[in-house]
2 protein chains.
Amino acid sequence: MPSEKTVERLSLYRYLLYGILADGERNVFSHELAGMAAVSPAQVRQDMMVLGYSGSPNQGYEVGKLIASITEFLDDAHGRNMALVGVGNLGRAILSNFAGQRSRLQIVAAFDVDWQIVNRMVHGCWCYPLDKLSGVMRDQDITVGIICVPPAAAQEVADALCEGGVRGILNFAPYRLQVPDHVYVSNLNITVALEKVAYFAHHSPVRLETPSREEAKV
Amino acid sequence: MPSEKTVERLSLYRYLLYGILADGERNVFSHELAGMAAVSPAQVRQDMMVLGYSGSPNQGYEVGKLIASITEFLDDAHGRNMALVGVGNLGRAILSNFAGQRSRLQIVAAFDVDWQIVNRMVHGCWCYPLDKLSGVMRDQDITVGIICVPPAAAQEVADALCEGGVRGILNFAPYRLQVPDHVYVSNLNITVALEKVAYFAHHSPVRLETPSREEAKV
DNA sequence: GTAACGCTGTTAGTATTTTCACGAAGACCA
DNA sequence: TGGTCTTCGTGAAAATACTAACAGCGTTAC
């Protein structure tokens with residue numbers, strides 16, 4: 001049972017590993033990965049312990065195998081389908097990021113209330129009217145929702161997602177959703193993130209996250 | 001010297017407090033604020049310790065005074081100017097979120113390389129060509145940068161921001177920036193956030209962040 | 001063949017973050 | 001006025017996350 005932070009780092013490692021693979025490298029050491037992810041080598045090795053995979057001394061980790069291990073661990077075998085609700089600027093940004101992405105994790109449907117947006121493709125994803133949400137979710141076996149609507153509409157959307165059988169929600173609206181206990185919610189508040197940066201920019205403390213040495217890749 | 005998490009929570013508290021104020025409430029208890037922010041009441045009280053302000057027993061905290069205390073603590077007296085680089089979908093989403101916002105923290109300039117976007121207003125913010133970055137930063141006393149460009153361009157933009165005297169950067173590009181030691185960087189990787197949600201949606205662990213009881217506001 | 005080196009896996013130790021628990025003080029009621 | 005009730009402030013305990021240290025092993029050099 002890994003912690004949230006461990007899962008985040010594994011996801012980041014995998015991303016970095018794809019970059020390494022694209023560069024033609026076949027093996028990587030914990031200190032290299034650590035440099036790219038801005039964590040300590042010991043942290044990397046400890047994170048690897050939750051996977052079944054072991055690297056070899058003096059050779060480090062085999063990039064391809066490691067990617068496979070992380071994928072097996074993070075993703076479910078038959079993939080996960082996600083729905084995005086709220087096709088405004090933020091929603092479109094996310095859709096375009098995920099368009100044509102590898103992976104067992106993909107956005108298979110978008111929803112909005114705006115009739116000018118609805119019933120067409122947006123960045124490779126069909127956009128349905130919001131009132132079709134629950135039905136489409138069941139049809140396409142969607143279990144994860146992304147909320148990109150204004151805060152006033154967020155709870156209503158969350159209710160509909162729960163109605164459709166959602167298991168997890170990534171919520172960008174600055175509103176604390178009320179959902180049944182079995183639904184996992186993660187809130188991502190961009191304003192809070194900005195205020196944090198502004199604070200530490202000027203009260204410059206110990207530096208926590210940044211590499212400073214060791215080249216960073218892709 | 002508060003931790004990063006403490007600063008994040010203070011920012012969230014302030015946001016919630018504005019909502020409470022708009023509802024006409026003049027006082028609030030730690031357990032109410034805790035319910036809205038999905039943390040424990042003890043956590044709220046402990047966070048308050050870094051501010052100078054004390055609530056009164058049986059009355060709780062005075063909303064207006066508390067907002068003022070947090071603001072004095074988080075924001076600098078004469079405000080902070082920020083620059084946003086990369087006026088794509090994500091950049092526009094952030095600009096529109098901040099447009100017409102209160103506050104001592106505002107985005108005063110946007111930058112892009114696209115000639116179709118440049119030299120006009122976008123969501124209330126003038127968009128300059130990227131090569132004017134350092135100059136405009138100095139003219140407008142900009143100390144915080146937001147990077148919303150593709151990963152391949154992120155380091156180049158970061159270098160320009162540093163050249164312009166930046167103190168803090170919020171980076172949305174999945175790329176670990178190299179910057180001088182005095183520049184604070186926070187990375188926000190949306191794909192990582194999504195993969196985390198997908199993981200815990202299906203490996204449903206202990207529930208960490210959510211209210212479940214206690215009404216949530218705005 | 002063997003010694004030395006470098007990196008991994010793992011456990012123990014340290015630091016940080018969160019929760020608990022209790023004393024004190026204002027408000028309300030009789 | 002005195003008692004009760006609720007809440008805050010705070011220091012100590014618990015839980016969590018991170019770092020450091022070391023044993024084991026493959027590799028390489030001689």
# chains A, B, ... in the order shown; residues from 1 in each chain; ligands from 1
>>> interface_residues(of="chain B", to="chain C", cutoff="12 Å", atoms="only C-alpha atoms (C1' of nucleotides)", output="NGL selection string")
:B and (2-6 or 39-47 or 55-60)
>>> write_last_selection(atoms="all heavy atoms", output="short mmCIF file (atom, residue, chain, number, x, y, z; two decimals), in the first residue's frame")
data_model
loop_
_atom_site.label_atom_id
_atom_site.label_comp_id
_atom_site.auth_asym_id
_atom_site.auth_seq_id
_atom_site.Cartn_x
_atom_site.Cartn_y
_atom_site.Cartn_z
N PRO B 2 7.31 28.60 7.86
CA PRO B 2 6.29 27.58 7.68
C PRO B 2 6.66 26.62 6.56
O PRO B 2 7.45 26.97 5.69
CB PRO B 2 5.06 28.40 7.28
CG PRO B 2 5.62 29.58 6.60
CD PRO B 2 6.92 29.88 7.26
N SER B 3 6.07 25.43 6.61
CA SER B 3 6.33 24.45 5.55
C SER B 3 5.50 24.78 4.31
O SER B 3 4.57 25.58 4.37
CB SER B 3 5.96 23.06 6.05
OG SER B 3 4.57 22.95 6.18
N GLU B 4 5.84 24.13 3.21
CA GLU B 4 5.08 24.35 1.99
C GLU B 4 3.61 24.01 2.19
O GLU B 4 2.72 24.72 1.73
CB GLU B 4 5.63 23.46 0.87
CG GLU B 4 7.06 23.78 0.50
CD GLU B 4 7.37 23.35 -0.92
OE1 GLU B 4 6.59 22.58 -1.49
OE2 GLU B 4 8.40 23.82 -1.45
N LYS B 5 3.37 22.93 2.89
CA LYS B 5 1.99 22.52 3.08
C LYS B 5 1.21 23.54 3.90
O LYS B 5 0.04 23.79 3.65
CB LYS B 5 1.95 21.16 3.77
CG LYS B 5 2.47 20.05 2.90
CD LYS B 5 2.10 18.68 3.44
CE LYS B 5 2.48 17.61 2.44
NZ LYS B 5 2.12 16.27 2.91
N THR B 6 1.86 24.09 4.89
CA THR B 6 1.19 25.11 5.70
C THR B 6 0.80 26.30 4.84
O THR B 6 -0.33 26.80 4.94
CB THR B 6 2.11 25.57 6.84
OG1 THR B 6 2.43 24.46 7.66
CG2 THR B 6 1.43 26.63 7.68
N VAL B 39 -9.44 19.11 6.52
CA VAL B 39 -8.33 18.81 7.42
C VAL B 39 -8.91 18.74 8.84
O VAL B 39 -10.10 18.97 9.05
CB VAL B 39 -7.24 19.89 7.36
CG1 VAL B 39 -6.67 20.00 5.96
CG2 VAL B 39 -7.78 21.24 7.81
N SER B 40 -8.08 18.42 9.80
CA SER B 40 -8.57 18.31 11.16
C SER B 40 -8.59 19.69 11.83
O SER B 40 -7.83 20.58 11.46
CB SER B 40 -7.66 17.39 11.97
OG SER B 40 -6.42 18.01 12.18
N PRO B 41 -9.49 19.86 12.80
CA PRO B 41 -9.54 21.14 13.51
C PRO B 41 -8.19 21.48 14.16
O PRO B 41 -7.78 22.65 14.16
CB PRO B 41 -10.60 20.90 14.58
CG PRO B 41 -11.45 19.81 14.03
CD PRO B 41 -10.54 18.94 13.23
N ALA B 42 -7.52 20.48 14.67
CA ALA B 42 -6.22 20.72 15.29
C ALA B 42 -5.23 21.28 14.27
O ALA B 42 -4.42 22.15 14.58
CB ALA B 42 -5.68 19.43 15.89
N GLN B 43 -5.35 20.76 13.05
CA GLN B 43 -4.48 21.26 11.99
C GLN B 43 -4.72 22.74 11.74
O GLN B 43 -3.78 23.52 11.59
CB GLN B 43 -4.75 20.46 10.70
CG GLN B 43 -3.89 20.87 9.54
CD GLN B 43 -2.52 20.27 9.62
OE1 GLN B 43 -2.32 19.13 9.29
NE2 GLN B 43 -1.57 21.05 10.09
N VAL B 44 -5.98 23.10 11.71
CA VAL B 44 -6.31 24.51 11.49
C VAL B 44 -5.71 25.37 12.59
O VAL B 44 -5.04 26.38 12.32
CB VAL B 44 -7.84 24.71 11.47
CG1 VAL B 44 -8.19 26.19 11.45
CG2 VAL B 44 -8.44 24.01 10.25
N ARG B 45 -5.90 24.97 13.83
CA ARG B 45 -5.39 25.79 14.92
C ARG B 45 -3.87 25.90 14.88
O ARG B 45 -3.29 26.95 15.13
CB ARG B 45 -5.84 25.21 16.26
CG ARG B 45 -7.34 25.30 16.47
CD ARG B 45 -7.71 25.27 17.95
NE ARG B 45 -7.33 24.02 18.58
CZ ARG B 45 -8.06 22.91 18.55
NH1 ARG B 45 -9.21 22.90 17.92
NH2 ARG B 45 -7.65 21.81 19.14
N GLN B 46 -3.25 24.77 14.55
CA GLN B 46 -1.79 24.80 14.47
C GLN B 46 -1.31 25.72 13.36
O GLN B 46 -0.34 26.46 13.52
CB GLN B 46 -1.29 23.37 14.21
CG GLN B 46 0.21 23.28 14.13
CD GLN B 46 0.75 22.45 15.29
OE1 GLN B 46 0.02 22.11 16.20
NE2 GLN B 46 2.02 22.15 15.25
N ASP B 47 -2.00 25.69 12.23
CA ASP B 47 -1.63 26.58 11.13
C ASP B 47 -1.77 28.04 11.55
O ASP B 47 -0.98 28.89 11.15
CB ASP B 47 -2.52 26.29 9.91
CG ASP B 47 -2.16 24.97 9.24
OD1 ASP B 47 -1.03 24.51 9.39
OD2 ASP B 47 -3.04 24.40 8.56
N GLY B 55 -7.74 33.77 17.80
CA GLY B 55 -9.19 33.78 17.90
C GLY B 55 -9.60 33.89 19.36
O GLY B 55 -8.76 33.82 20.26
N SER B 56 -10.88 34.04 19.56
CA SER B 56 -11.33 34.08 20.95
C SER B 56 -12.13 32.83 21.25
O SER B 56 -12.89 32.36 20.41
CB SER B 56 -12.18 35.32 21.18
OG SER B 56 -13.51 35.08 20.80
N PRO B 57 -11.96 32.29 22.44
CA PRO B 57 -12.72 31.13 22.83
C PRO B 57 -14.22 31.44 22.77
O PRO B 57 -14.62 32.57 23.05
CB PRO B 57 -12.29 30.87 24.27
CG PRO B 57 -10.99 31.58 24.41
CD PRO B 57 -11.07 32.75 23.50
N ASN B 58 -14.98 30.46 22.35
CA ASN B 58 -16.42 30.59 22.28
C ASN B 58 -16.92 31.52 21.19
O ASN B 58 -18.12 31.58 20.94
CB ASN B 58 -17.00 31.04 23.63
CG ASN B 58 -18.28 30.29 23.91
OD1 ASN B 58 -18.49 29.19 23.41
ND2 ASN B 58 -19.16 30.88 24.68
N GLN B 59 -16.02 32.26 20.55
CA GLN B 59 -16.42 33.09 19.42
C GLN B 59 -15.73 32.62 18.15
O GLN B 59 -16.12 32.97 17.05
CB GLN B 59 -16.06 34.56 19.66
CG GLN B 59 -16.83 35.20 20.79
CD GLN B 59 -18.32 35.29 20.49
OE1 GLN B 59 -18.71 35.52 19.34
NE2 GLN B 59 -19.14 35.08 21.51
N GLY B 60 -14.67 31.86 18.31
CA GLY B 60 -13.90 31.44 17.16
C GLY B 60 -13.10 32.58 16.58
O GLY B 60 -12.67 33.48 17.30
#
>>> calpha_fit_and_write(fixed="chain A", moving="chain B", output="tab-separated table (two decimals) with C-alpha atoms, in the first residue's frame")
chain	number	residue	atom	x	y	z
B	1	MET	CA	0.01	-0.04	0.01
B	2	PRO	CA	2.11	2.83	-1.28
B	3	SER	CA	1.60	6.42	-0.21
B	4	GLU	CA	0.21	9.09	-2.50
B	5	LYS	CA	3.61	10.60	-2.89
B	6	THR	CA	5.14	7.30	-3.90
B	7	VAL	CA	2.53	6.86	-6.62
B	8	GLU	CA	3.20	10.37	-7.89
B	9	ARG	CA	6.91	9.70	-8.08
B	10	LEU	CA	6.43	6.39	-9.85
B	11	SER	CA	4.32	8.14	-12.44
B	12	LEU	CA	7.04	10.74	-12.88
B	13	TYR	CA	9.77	8.10	-13.12
B	14	ARG	CA	7.88	6.35	-15.87
B	15	TYR	CA	7.53	9.57	-17.78
B	16	LEU	CA	11.25	10.26	-17.46
B	17	LEU	CA	12.09	6.69	-18.43
B	18	TYR	CA	10.24	7.05	-21.71
B	19	GLY	CA	12.45	10.01	-22.45
B	20	ILE	CA	15.56	8.01	-21.63
B	21	LEU	CA	14.37	5.19	-23.83
B	22	ALA	CA	13.84	7.62	-26.69
B	23	ASP	CA	17.43	8.73	-26.26
B	24	GLY	CA	18.52	5.17	-26.88
B	25	GLU	CA	19.71	4.43	-23.37
B	26	ARG	CA	19.02	0.90	-22.23
B	27	ASN	CA	20.07	1.18	-18.59
B	28	VAL	CA	19.79	3.81	-15.91
B	29	PHE	CA	21.16	4.23	-12.38
B	30	SER	CA	19.19	5.36	-9.38
B	31	HIS	CA	21.25	8.53	-9.07
B	32	GLU	CA	20.52	9.46	-12.69
B	33	LEU	CA	16.80	9.02	-12.29
B	34	ALA	CA	17.03	10.84	-8.97
B	35	GLY	CA	18.70	13.81	-10.63
B	36	MET	CA	15.99	14.06	-13.24
B	37	ALA	CA	13.17	13.74	-10.76
B	38	ALA	CA	14.81	16.03	-8.19
B	39	VAL	CA	14.77	13.48	-5.40
B	40	SER	CA	17.51	11.56	-3.62
B	41	PRO	CA	18.90	8.31	-5.01
B	42	ALA	CA	17.84	6.56	-1.82
B	43	GLN	CA	14.31	7.75	-2.45
B	44	VAL	CA	14.36	6.22	-5.89
B	45	ARG	CA	15.56	2.87	-4.62
B	46	GLN	CA	13.01	2.87	-1.85
B	47	ASP	CA	10.22	3.62	-4.30
B	48	MET	CA	11.37	0.73	-6.45
B	49	MET	CA	10.80	-1.61	-3.54
B	50	VAL	CA	7.05	-1.52	-4.03
B	51	LEU	CA	7.48	-2.88	-7.56
B	52	GLY	CA	8.53	-6.46	-7.91
B	53	TYR	CA	11.42	-5.49	-10.15
B	54	SER	CA	15.04	-5.42	-9.03
B	55	GLY	CA	17.89	-3.72	-10.79
B	56	SER	CA	21.29	-5.25	-11.06
B	57	PRO	CA	24.34	-3.89	-9.30
B	58	ASN	CA	26.75	-2.11	-11.60
B	59	GLN	CA	24.18	-2.13	-14.40
B	60	GLY	CA	21.41	-0.23	-12.71
B	61	TYR	CA	17.88	-0.66	-13.97
B	62	GLU	CA	16.92	-1.91	-17.38
B	63	VAL	CA	14.80	0.93	-18.76
B	64	GLY	CA	12.31	-1.17	-20.69
B	65	LYS	CA	11.75	-3.63	-17.90
B	66	LEU	CA	11.38	-0.86	-15.37
B	67	ILE	CA	8.76	0.92	-17.46
B	68	ALA	CA	6.91	-2.37	-17.75
B	69	SER	CA	7.05	-2.90	-14.00
B	70	ILE	CA	5.76	0.55	-13.20
B	71	THR	CA	3.01	0.19	-15.76
B	72	GLU	CA	1.96	-3.14	-14.38
B	73	PHE	CA	1.89	-1.62	-10.95
B	74	LEU	CA	0.13	1.66	-11.72
B	75	ASP	CA	-2.22	0.77	-14.53
B	76	ASP	CA	-4.75	-1.94	-14.57
B	77	ALA	CA	-4.32	-4.59	-17.25
B	78	HIS	CA	-7.35	-3.66	-19.31
B	79	GLY	CA	-6.93	0.09	-19.09
B	80	ARG	CA	-8.96	2.87	-17.55
B	81	ASN	CA	-11.44	5.12	-19.29
B	82	MET	CA	-11.86	8.70	-18.15
B	83	ALA	CA	-14.43	11.42	-18.74
B	84	LEU	CA	-13.69	15.12	-18.78
B	85	VAL	CA	-16.43	17.56	-17.82
B	86	GLY	CA	-16.18	21.21	-18.79
B	87	VAL	CA	-14.63	21.90	-22.17
B	88	GLY	CA	-13.42	25.40	-21.49
B	89	ASN	CA	-9.83	26.49	-21.86
B	90	LEU	CA	-8.59	24.21	-19.12
B	91	GLY	CA	-10.57	21.25	-20.39
B	92	ARG	CA	-9.24	21.74	-23.90
B	93	ALA	CA	-5.71	22.02	-22.59
B	94	ILE	CA	-6.01	18.65	-20.88
B	95	LEU	CA	-7.69	17.05	-23.88
B	96	SER	CA	-4.94	18.19	-26.19
B	97	ASN	CA	-2.29	16.96	-23.79
B	98	PHE	CA	-3.82	13.53	-23.74
B	99	ALA	CA	-4.67	13.39	-27.44
B	100	GLY	CA	-2.61	10.74	-29.17
B	101	GLN	CA	-0.97	9.67	-25.96
B	102	ARG	CA	0.10	6.12	-25.44
B	103	SER	CA	-1.41	4.30	-22.67
B	104	ARG	CA	-3.97	2.39	-20.84
B	105	LEU	CA	-5.32	5.61	-19.40
B	106	GLN	CA	-7.32	7.69	-21.81
B	107	ILE	CA	-10.04	10.28	-21.98
B	108	VAL	CA	-12.82	8.68	-23.96
B	109	ALA	CA	-15.54	11.29	-23.59
B	110	ALA	CA	-15.97	14.99	-22.88
B	111	PHE	CA	-19.06	16.79	-21.64
B	112	ASP	CA	-20.31	20.35	-21.59
B	113	VAL	CA	-23.52	22.33	-21.39
B	114	ASP	CA	-22.66	24.79	-24.15
B	115	TRP	CA	-24.56	23.95	-27.35
B	116	GLN	CA	-21.82	25.50	-29.44
B	117	ILE	CA	-19.32	23.00	-28.14
B	118	VAL	CA	-21.42	19.90	-27.83
B	119	ASN	CA	-21.87	17.14	-30.42
B	120	ARG	CA	-18.54	17.44	-32.15
B	121	MET	CA	-14.96	16.36	-31.77
B	122	VAL	CA	-12.61	18.39	-29.58
B	123	HIS	CA	-8.96	17.43	-29.79
B	124	GLY	CA	-9.86	13.93	-30.85
B	125	CYS	CA	-12.53	13.42	-28.23
B	126	TRP	CA	-16.29	13.45	-28.74
B	127	CYS	CA	-18.12	16.04	-26.71
B	128	TYR	CA	-21.54	15.06	-25.36
B	129	PRO	CA	-24.17	17.24	-23.73
B	130	LEU	CA	-23.87	17.08	-19.97
B	131	ASP	CA	-27.21	15.40	-19.41
B	132	LYS	CA	-25.93	12.30	-21.18
B	133	LEU	CA	-23.16	11.90	-18.60
B	134	SER	CA	-24.35	8.98	-16.52
B	135	GLY	CA	-25.53	7.01	-19.54
B	136	VAL	CA	-22.32	7.40	-21.51
B	137	MET	CA	-20.27	6.55	-18.44
B	138	ARG	CA	-21.98	3.22	-18.09
B	139	ASP	CA	-21.82	2.48	-21.83
B	140	GLN	CA	-18.12	3.17	-22.05
B	141	ASP	CA	-17.13	1.81	-18.65
B	142	ILE	CA	-15.78	5.14	-17.44
B	143	THR	CA	-14.49	5.08	-13.88
B	144	VAL	CA	-12.50	8.30	-13.53
B	145	GLY	CA	-13.80	11.84	-13.93
B	146	ILE	CA	-12.07	15.18	-14.44
B	147	ILE	CA	-13.95	18.28	-13.34
B	148	CYS	CA	-13.01	21.51	-15.16
B	149	VAL	CA	-16.21	23.45	-14.61
B	150	PRO	CA	-16.73	26.64	-12.61
B	151	PRO	CA	-17.00	26.09	-8.84
B	152	ALA	CA	-20.73	26.78	-8.80
B	153	ALA	CA	-21.39	23.76	-11.02
B	154	ALA	CA	-18.81	21.41	-9.54
B	155	GLN	CA	-20.99	19.65	-6.96
B	156	GLU	CA	-23.72	19.05	-9.48
B	157	VAL	CA	-21.22	17.48	-11.86
B	158	ALA	CA	-19.74	15.38	-9.07
B	159	ASP	CA	-23.18	14.06	-8.22
B	160	ALA	CA	-23.73	13.07	-11.83
B	161	LEU	CA	-20.35	11.36	-11.96
B	162	CYS	CA	-21.18	9.38	-8.85
B	163	GLU	CA	-24.52	8.52	-10.36
B	164	GLY	CA	-22.61	7.13	-13.34
B	165	GLY	CA	-20.48	4.95	-11.11
B	166	VAL	CA	-17.27	6.94	-10.88
B	167	ARG	CA	-14.45	5.66	-8.65
B	168	GLY	CA	-12.07	8.63	-8.71
B	169	ILE	CA	-12.28	12.36	-9.47
B	170	LEU	CA	-9.64	14.94	-10.29
B	171	ASN	CA	-11.20	18.26	-9.36
B	172	PHE	CA	-9.84	21.57	-10.64
B	173	ALA	CA	-12.69	23.62	-9.23
B	174	PRO	CA	-11.94	25.41	-5.97
B	175	TYR	CA	-14.73	23.66	-4.15
B	176	ARG	CA	-14.57	20.77	-1.71
B	177	LEU	CA	-16.80	18.09	-3.22
B	178	GLN	CA	-19.07	15.87	-1.20
B	179	VAL	CA	-19.04	12.34	-2.50
B	180	PRO	CA	-19.69	8.84	-1.15
B	181	ASP	CA	-16.88	7.28	0.83
B	182	HIS	CA	-15.79	4.89	-1.89
B	183	VAL	CA	-15.01	7.70	-4.37
B	184	TYR	CA	-11.48	9.04	-4.27
B	185	VAL	CA	-11.13	12.78	-4.84
B	186	SER	CA	-8.00	14.80	-5.52
B	187	ASN	CA	-8.20	18.58	-5.63
B	188	LEU	CA	-5.87	20.65	-7.70
B	189	ASN	CA	-6.19	24.35	-7.05
B	190	ILE	CA	-4.08	26.41	-9.41
B	191	THR	CA	-4.53	29.63	-7.46
B	192	VAL	CA	-3.20	27.96	-4.33
B	193	ALA	CA	-0.22	26.68	-6.28
B	194	LEU	CA	0.51	30.18	-7.54
B	195	GLU	CA	0.25	31.76	-4.14
B	196	LYS	CA	2.63	29.19	-2.77
B	197	VAL	CA	5.18	30.02	-5.45
B	198	ALA	CA	4.78	33.73	-4.84
B	199	TYR	CA	5.32	33.21	-1.14
B	200	PHE	CA	8.46	31.15	-1.41
B	201	ALA	CA	9.78	33.28	-4.22
B	202	HIS	CA	10.11	36.08	-1.75
B	203	HIS	CA	10.62	34.27	1.53
B	204	SER	CA	13.16	32.07	-0.17
B	205	PRO	CA	13.62	29.24	2.30
B	206	VAL	CA	15.62	26.09	1.96
B	207	ARG	CA	15.30	24.93	-1.61
B	208	LEU	CA	13.15	21.88	-1.68
B	209	GLU	CA	12.44	20.85	-5.22
B	210	THR	CA	15.01	21.38	-7.94
B	211	PRO	CA	17.97	19.61	-9.45
B	212	SER	CA	20.75	22.21	-9.68
B	213	ARG	CA	23.21	19.64	-10.83
B	214	GLU	CA	22.80	16.55	-12.96
B	215	GLU	CA	21.30	17.13	-16.36
B	216	ALA	CA	17.52	16.96	-16.63
B	217	LYS	CA	15.97	15.23	-19.58
B	218	VAL	CA	12.77	15.74	-21.55
>>> closest_atom_pairs(of="chain D", to="chain B", cutoff="8 Å", atoms="only C-alpha atoms (C1' of nucleotides)", output="Markdown table")
| residue | atom | partner | partner_atom | distance |
| --- | --- | --- | --- | --- |
| D:DT6 | C1' | B:Asn58 | CA | 5.6 |
| D:DT7 | C1' | B:Pro57 | CA | 4.5 |
| D:DC8 | C1' | B:Pro57 | CA | 5.0 |
| D:DG9 | C1' | B:Arg45 | CA | 7.9 |
>>> select_by_dssp(residues="stretch 50-123 of chain B", states="strand (DSSP E)", output="MDAnalysis selection string")
chainID B and resid 61:62 80:85 105:112 120:122
>>> write_last_selection(atoms="N, CA and C atoms", output="JSON list (two decimals), in the first residue's frame")
[["chain", "number", "residue", "atom", "x", "y", "z"],
["B", 61, "TYR", "N", -12.91, 32.53, 15.27],
["B", 61, "TYR", "CA", -12.10, 33.55, 14.60],
["B", 61, "TYR", "C", -13.01, 34.57, 13.94],
["B", 62, "GLU", "N", -12.57, 35.81, 13.98],
["B", 62, "GLU", "CA", -13.29, 36.87, 13.29],
["B", 62, "GLU", "C", -12.87, 36.82, 11.82],
["B", 80, "ARG", "N", 2.59, 41.64, -5.73],
["B", 80, "ARG", "CA", 3.53, 40.89, -6.56],
["B", 80, "ARG", "C", 3.02, 40.86, -7.98],
["B", 81, "ASN", "N", 3.89, 41.12, -8.92],
["B", 81, "ASN", "CA", 3.51, 41.06, -10.32],
["B", 81, "ASN", "C", 4.04, 39.78, -10.94],
["B", 82, "MET", "N", 3.16, 39.13, -11.73],
["B", 82, "MET", "CA", 3.54, 37.87, -12.35],
["B", 82, "MET", "C", 3.45, 37.95, -13.86],
["B", 83, "ALA", "N", 4.25, 37.12, -14.51],
["B", 83, "ALA", "CA", 4.20, 37.00, -15.97],
["B", 83, "ALA", "C", 3.83, 35.57, -16.33],
["B", 84, "LEU", "N", 2.98, 35.44, -17.35],
["B", 84, "LEU", "CA", 2.61, 34.12, -17.83],
["B", 84, "LEU", "C", 3.20, 33.93, -19.22],
["B", 85, "VAL", "N", 3.86, 32.80, -19.43],
["B", 85, "VAL", "CA", 4.48, 32.54, -20.72],
["B", 85, "VAL", "C", 3.83, 31.32, -21.36],
["B", 105, "LEU", "N", -1.76, 39.96, -5.87],
["B", 105, "LEU", "CA", -1.03, 39.02, -6.71],
["B", 105, "LEU", "C", -1.71, 39.01, -8.07],
["B", 106, "GLN", "N", -1.07, 39.58, -9.07],
["B", 106, "GLN", "CA", -1.76, 39.59, -10.35],
["B", 106, "GLN", "C", -0.81, 39.37, -11.53],
["B", 107, "ILE", "N", -1.42, 38.83, -12.59],
["B", 107, "ILE", "CA", -0.68, 38.59, -13.81],
["B", 107, "ILE", "C", -0.72, 39.87, -14.63],
["B", 108, "VAL", "N", 0.42, 40.49, -14.80],
["B", 108, "VAL", "CA", 0.45, 41.79, -15.47],
["B", 108, "VAL", "C", 0.91, 41.71, -16.91],
["B", 109, "ALA", "N", 1.42, 40.55, -17.31],
["B", 109, "ALA", "CA", 1.87, 40.44, -18.70],
["B", 109, "ALA", "C", 1.88, 38.98, -19.14],
["B", 110, "ALA", "N", 1.53, 38.78, -20.42],
["B", 110, "ALA", "CA", 1.59, 37.43, -21.00],
["B", 110, "ALA", "C", 2.56, 37.46, -22.18],
["B", 111, "PHE", "N", 3.09, 36.30, -22.51],
["B", 111, "PHE", "CA", 4.07, 36.22, -23.59],
["B", 111, "PHE", "C", 3.82, 34.98, -24.44],
["B", 112, "ASP", "N", 4.09, 35.14, -25.73],
["B", 112, "ASP", "CA", 3.99, 33.97, -26.62],
["B", 112, "ASP", "C", 4.85, 34.23, -27.85],
["B", 120, "ARG", "N", -1.92, 41.87, -28.49],
["B", 120, "ARG", "CA", -3.30, 42.19, -28.21],
["B", 120, "ARG", "C", -3.65, 41.72, -26.81],
["B", 121, "MET", "N", -4.86, 42.10, -26.38],
["B", 121, "MET", "CA", -5.28, 41.71, -25.05],
["B", 121, "MET", "C", -5.83, 40.29, -25.06],
["B", 122, "VAL", "N", -5.50, 39.52, -24.03],
["B", 122, "VAL", "CA", -6.09, 38.19, -23.85],
["B", 122, "VAL", "C", -6.62, 38.12, -22.43]]
